[in-house]
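Peer 1: Structure provided below as structure tokens; questions to follow.
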Amino acid sequence: MDDLLALKRGVVAAARACYARGMQTGDGGNLSARVSGKDLMLIKGSGTSFADCSENTLALTDFDGNLVAGERKPSRECLLHGALYKRLSRVQAIVHCHSPWAAGWASTSKPLPFSTYHSGIKLKGAVQVFDTGSYVVPSSFFPKILAPFDSNPELMAFLLKGHGQVALGKGIKQALYMAELVEETAQIAVIDRLLRSCLA
């Protein structure tokens, strides 16, 4: 019970930090954490702002999105989170947010370039863009998202066109850091291209 409470507090802290840093507004986005030793996850409840996230607004579900405990319906992206947890045992937490620079870069449909040495080291591979054609990633699209992990299981993030980013981590704090890195990398990439265009 103490471990679950600590996990809840970590998810709440990450959600509020993400909101405070301008990476998610309104009630969009979602984040989750795997419950150690079980095929369960804590995930933000549907219709809950990151700013208002609390222990009571989290849902405990299995990886198929079935509610196990909690007062809120799980986020609509719970099936995507579950699919990632099923495939990637190393992943302990996921942050999906609509951060503006990452979402802006995703509109190009081009993989996000490593704009710093740091991002190249930490992201472990190209941050690919997927165009699901939907606000909620349909389960029929999961194989396309999971396919790159077959050749590079260490990948840490991907982008969704017209949507946002999905960052992975070995814990909820690490997933938040990865989401921040993706946002920073996208911002630098845009600035780099604007400067190159102006100076050409």
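Here's how to read the names in the structure tokens: chain A, B, ... by the order shown, residue numbers from 1 in each chain, ligand numbers from 1 in the order shown.
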Would you pick out the contacts of Ala106 in chain A at 10 Å or less, using only C-alpha atoms, so that residues sharing its chain but fewer than 5 positions from it are not included, and give the list as a PDB file with N, CA and C atoms, in the first residue's frame?

Peer 2:
```
ATOM      1  N   PRO A 100       3.939  22.434 -27.086  1.00  0.00           N
ATOM      2  CA  PRO A 100       3.827  23.147 -28.359  1.00  0.00           C
ATOM      3  C   PRO A 100       4.977  22.959 -29.349  1.00  0.00           C
ATOM      4  N   TRP A 101       6.213  22.944 -28.892  1.00  0.00           N
ATOM      5  CA  TRP A 101       7.317  22.796 -29.846  1.00  0.00           C
ATOM      6  C   TRP A 101       7.346  21.395 -30.448  1.00  0.00           C
ATOM      7  N   PRO A 111      11.255  12.940 -38.824  1.00  0.00           N
ATOM      8  CA  PRO A 111      11.831  12.583 -37.525  1.00  0.00           C
ATOM      9  C   PRO A 111      12.514  13.786 -36.893  1.00  0.00           C
ATOM     10  N   LEU A 112      12.416  13.903 -35.589  1.00  0.00           N
ATOM     11  CA  LEU A 112      13.017  15.021 -34.876  1.00  0.00           C
ATOM     12  C   LEU A 112      14.530  14.849 -34.823  1.00  0.00           C
ATOM     13  N   VAL A 127      13.516  10.238 -33.053  1.00  0.00           N
ATOM     14  CA  VAL A 127      12.163  10.423 -32.536  1.00  0.00           C
ATOM     15  C   VAL A 127      11.234  10.515 -33.739  1.00  0.00           C
ATOM     16  N   GLN A 128      10.534   9.434 -34.011  1.00  0.00           N
ATOM     17  CA  GLN A 128       9.721   9.345 -35.216  1.00  0.00           C
ATOM     18  C   GLN A 128       8.360  10.002 -35.034  1.00  0.00           C
ATOM     19  N   VAL A 129       7.771  10.361 -36.165  1.00  0.00           N
ATOM     20  CA  VAL A 129       6.446  10.969 -36.173  1.00  0.00           C
ATOM     21  C   VAL A 129       5.453   9.981 -36.772  1.00  0.00           C
ATOM     22  N   PHE A 130       4.334   9.799 -36.087  1.00  0.00           N
ATOM     23  CA  PHE A 130       3.267   8.929 -36.586  1.00  0.00           C
ATOM     24  C   PHE A 130       2.010   9.762 -36.804  1.00  0.00           C
ATOM     25  N   ASP A 131       1.391   9.572 -37.952  1.00  0.00           N
ATOM     26  CA  ASP A 131       0.141  10.263 -38.265  1.00  0.00           C
ATOM     27  C   ASP A 131      -0.988   9.249 -38.145  1.00  0.00           C
ATOM     28  N   PHE A 158       8.335   9.227 -29.050  1.00  0.00           N
ATOM     29  CA  PHE A 158       7.859   9.398 -30.415  1.00  0.00           C
ATOM     30  C   PHE A 158       6.854  10.538 -30.426  1.00  0.00           C
ATOM     31  N   LEU A 159       6.570  11.029 -31.626  1.00  0.00           N
ATOM     32  CA  LEU A 159       5.643  12.144 -31.804  1.00  0.00           C
ATOM     33  C   LEU A 159       4.395  11.677 -32.546  1.00  0.00           C
ATOM     34  N   LEU A 160       3.291  12.341 -32.266  1.00  0.00           N
ATOM     35  CA  LEU A 160       2.030  12.074 -32.941  1.00  0.00           C
ATOM     36  C   LEU A 160       1.610  13.332 -33.684  1.00  0.00           C
ATOM     37  N   LYS A 161       1.480  13.245 -34.994  1.00  0.00           N
ATOM     38  CA  LYS A 161       1.150  14.409 -35.809  1.00  0.00           C
ATOM     39  C   LYS A 161      -0.221  14.961 -35.424  1.00  0.00           C
ATOM     40  N   GLY A 162      -0.280  16.278 -35.284  1.00  0.00           N
ATOM     41  CA  GLY A 162      -1.524  16.918 -34.909  1.00  0.00           C
ATOM     42  C   GLY A 162      -1.954  16.609 -33.483  1.00  0.00           C
ATOM     43  N   HIS A 163      -0.983  16.175 -32.675  1.00  0.00           N
ATOM     44  CA  HIS A 163      -1.361  15.679 -31.343  1.00  0.00           C
ATOM     45  C   HIS A 163      -0.341  16.080 -30.286  1.00  0.00           C
ATOM     46  N   GLY A 164       0.839  15.492 -30.305  1.00  0.00           N
ATOM     47  CA  GLY A 164       1.814  15.809 -29.274  1.00  0.00           C
ATOM     48  C   GLY A 164       2.929  14.792 -29.217  1.00  0.00           C
ATOM     49  N   GLN A 165       3.448  14.571 -28.032  1.00  0.00           N
ATOM     50  CA  GLN A 165       4.572  13.657 -27.853  1.00  0.00           C
ATOM     51  C   GLN A 165       4.261  12.599 -26.814  1.00  0.00           C
ATOM     52  N   ALA A 186      12.939  19.850 -29.818  1.00  0.00           N
ATOM     53  CA  ALA A 186      12.099  20.374 -30.892  1.00  0.00           C
ATOM     54  C   ALA A 186      12.242  21.884 -31.002  1.00  0.00           C
TER      55      ALA A 186
END
```

Peer 1: What lies within 12 Å of Asn66 in chain A using only C-alpha atoms, ignoring chain neighbours under 3 positions off, as a PyMOL selection string?

Peer 2: chain A and resi 39-43+59-63+69-70+72-76+78-79+82

Peer 1: So that I can see what lies close to Leu181 in chain A, please list as a list of chain:residue names the residues with an atom at most 9 Å from it, counting only C-alpha atoms and leaving out residues fewer than 6 positions away in the same chain.

Peer 2: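 With the cut-off at 9 Å, the set is A:His118, A:Ser119, A:Lys122, A:Leu123.
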
Peer 1: Just the strand (DSSP E or B) stuff from range 11-138 of chain A, please, per backbone DSSP, written as a list of chain:residue names.

Peer 2: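 DSSP-assigned strand (DSSP E or B) residues in range 11-138 of chain A: A:Asn30, A:Leu31, A:Ser32, A:Ala33, A:Arg34, A:Leu40, A:Met41, A:Leu42, A:Ile43, A:Lys44, A:Gly45, A:Leu58, A:Ala59, A:Leu60, A:Thr61, A:Asp62, A:Leu67, A:Val68, A:Ala69, A:Pro74, A:Ala93, A:Ile94, A:Val95, A:His96, A:Cys97, A:Leu112, A:Val127, A:Val129, A:Phe130.
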
Peer 1: Please determine, counting only C-alpha atoms, which residue among A:Ala33, A:Leu199, A:Ile188, A:Val12 has the shortest atom-to-atom distance to Gly171 in chain A.

Peer 2: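 Distance minimum relative to Gly171 in chain A lands on A:Ala33.
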
Peer 1: If you run DSSP on this backbone, which residues of range 18-199 of chain A come out as helix (DSSP H, G or I), and could you give them as a PyMOL selection string?

Peer 2: chain A and resi 18-20+55-57+78-87+100-106+117-123+139-151+172-199

Peer 1: If we count only C-alpha atoms and set the cut-off at 9 Å, which residues sit around Met23 in chain A, ignoring sequence neighbours fewer than 3 positions away in its own chain? Please answer as a PyMOL selection string.

Peer 2: chain A and resi 17-20+97-100+179-180+183

Peer 1: Could those residues be written to a file, using C-alpha atoms, as a compact mmCIF listing (two decimals), in the first residue's frame?

Peer 2:
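Saved to result28.txt:
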```txt
# COMPACT_ATOMS: atom_id res chain seq x y z
CA ALA A 17 5.29 20.00 -13.00
CA CYS A 18 4.35 19.36 -16.62
CA TYR A 19 1.51 21.88 -16.35
CA ALA A 20 3.65 24.45 -14.53
CA CYS A 97 1.52 15.81 -23.50
CA HIS A 98 0.64 18.35 -26.18
CA SER A 99 3.78 20.42 -25.68
CA PRO A 100 3.83 23.15 -28.36
CA ALA A 179 9.32 14.79 -22.22
CA GLU A 180 11.13 18.00 -21.31
CA GLU A 183 10.29 19.62 -26.09
```

Peer 1: Determine the nearest neighbour of Gly26 in chain A from the options A:Ile145, A:Cys53, A:Ile172, A:Leu7, counting only C-alpha atoms.

Peer 2: A:Cys53

Peer 1: Which is closer to Ala147 in chain A than all the others in A:Arg21, A:Arg16, A:Arg87, A:Lys44, using only C-alpha atoms?

Peer 2: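 Distance minimum relative to Ala147 in chain A lands on A:Arg87.
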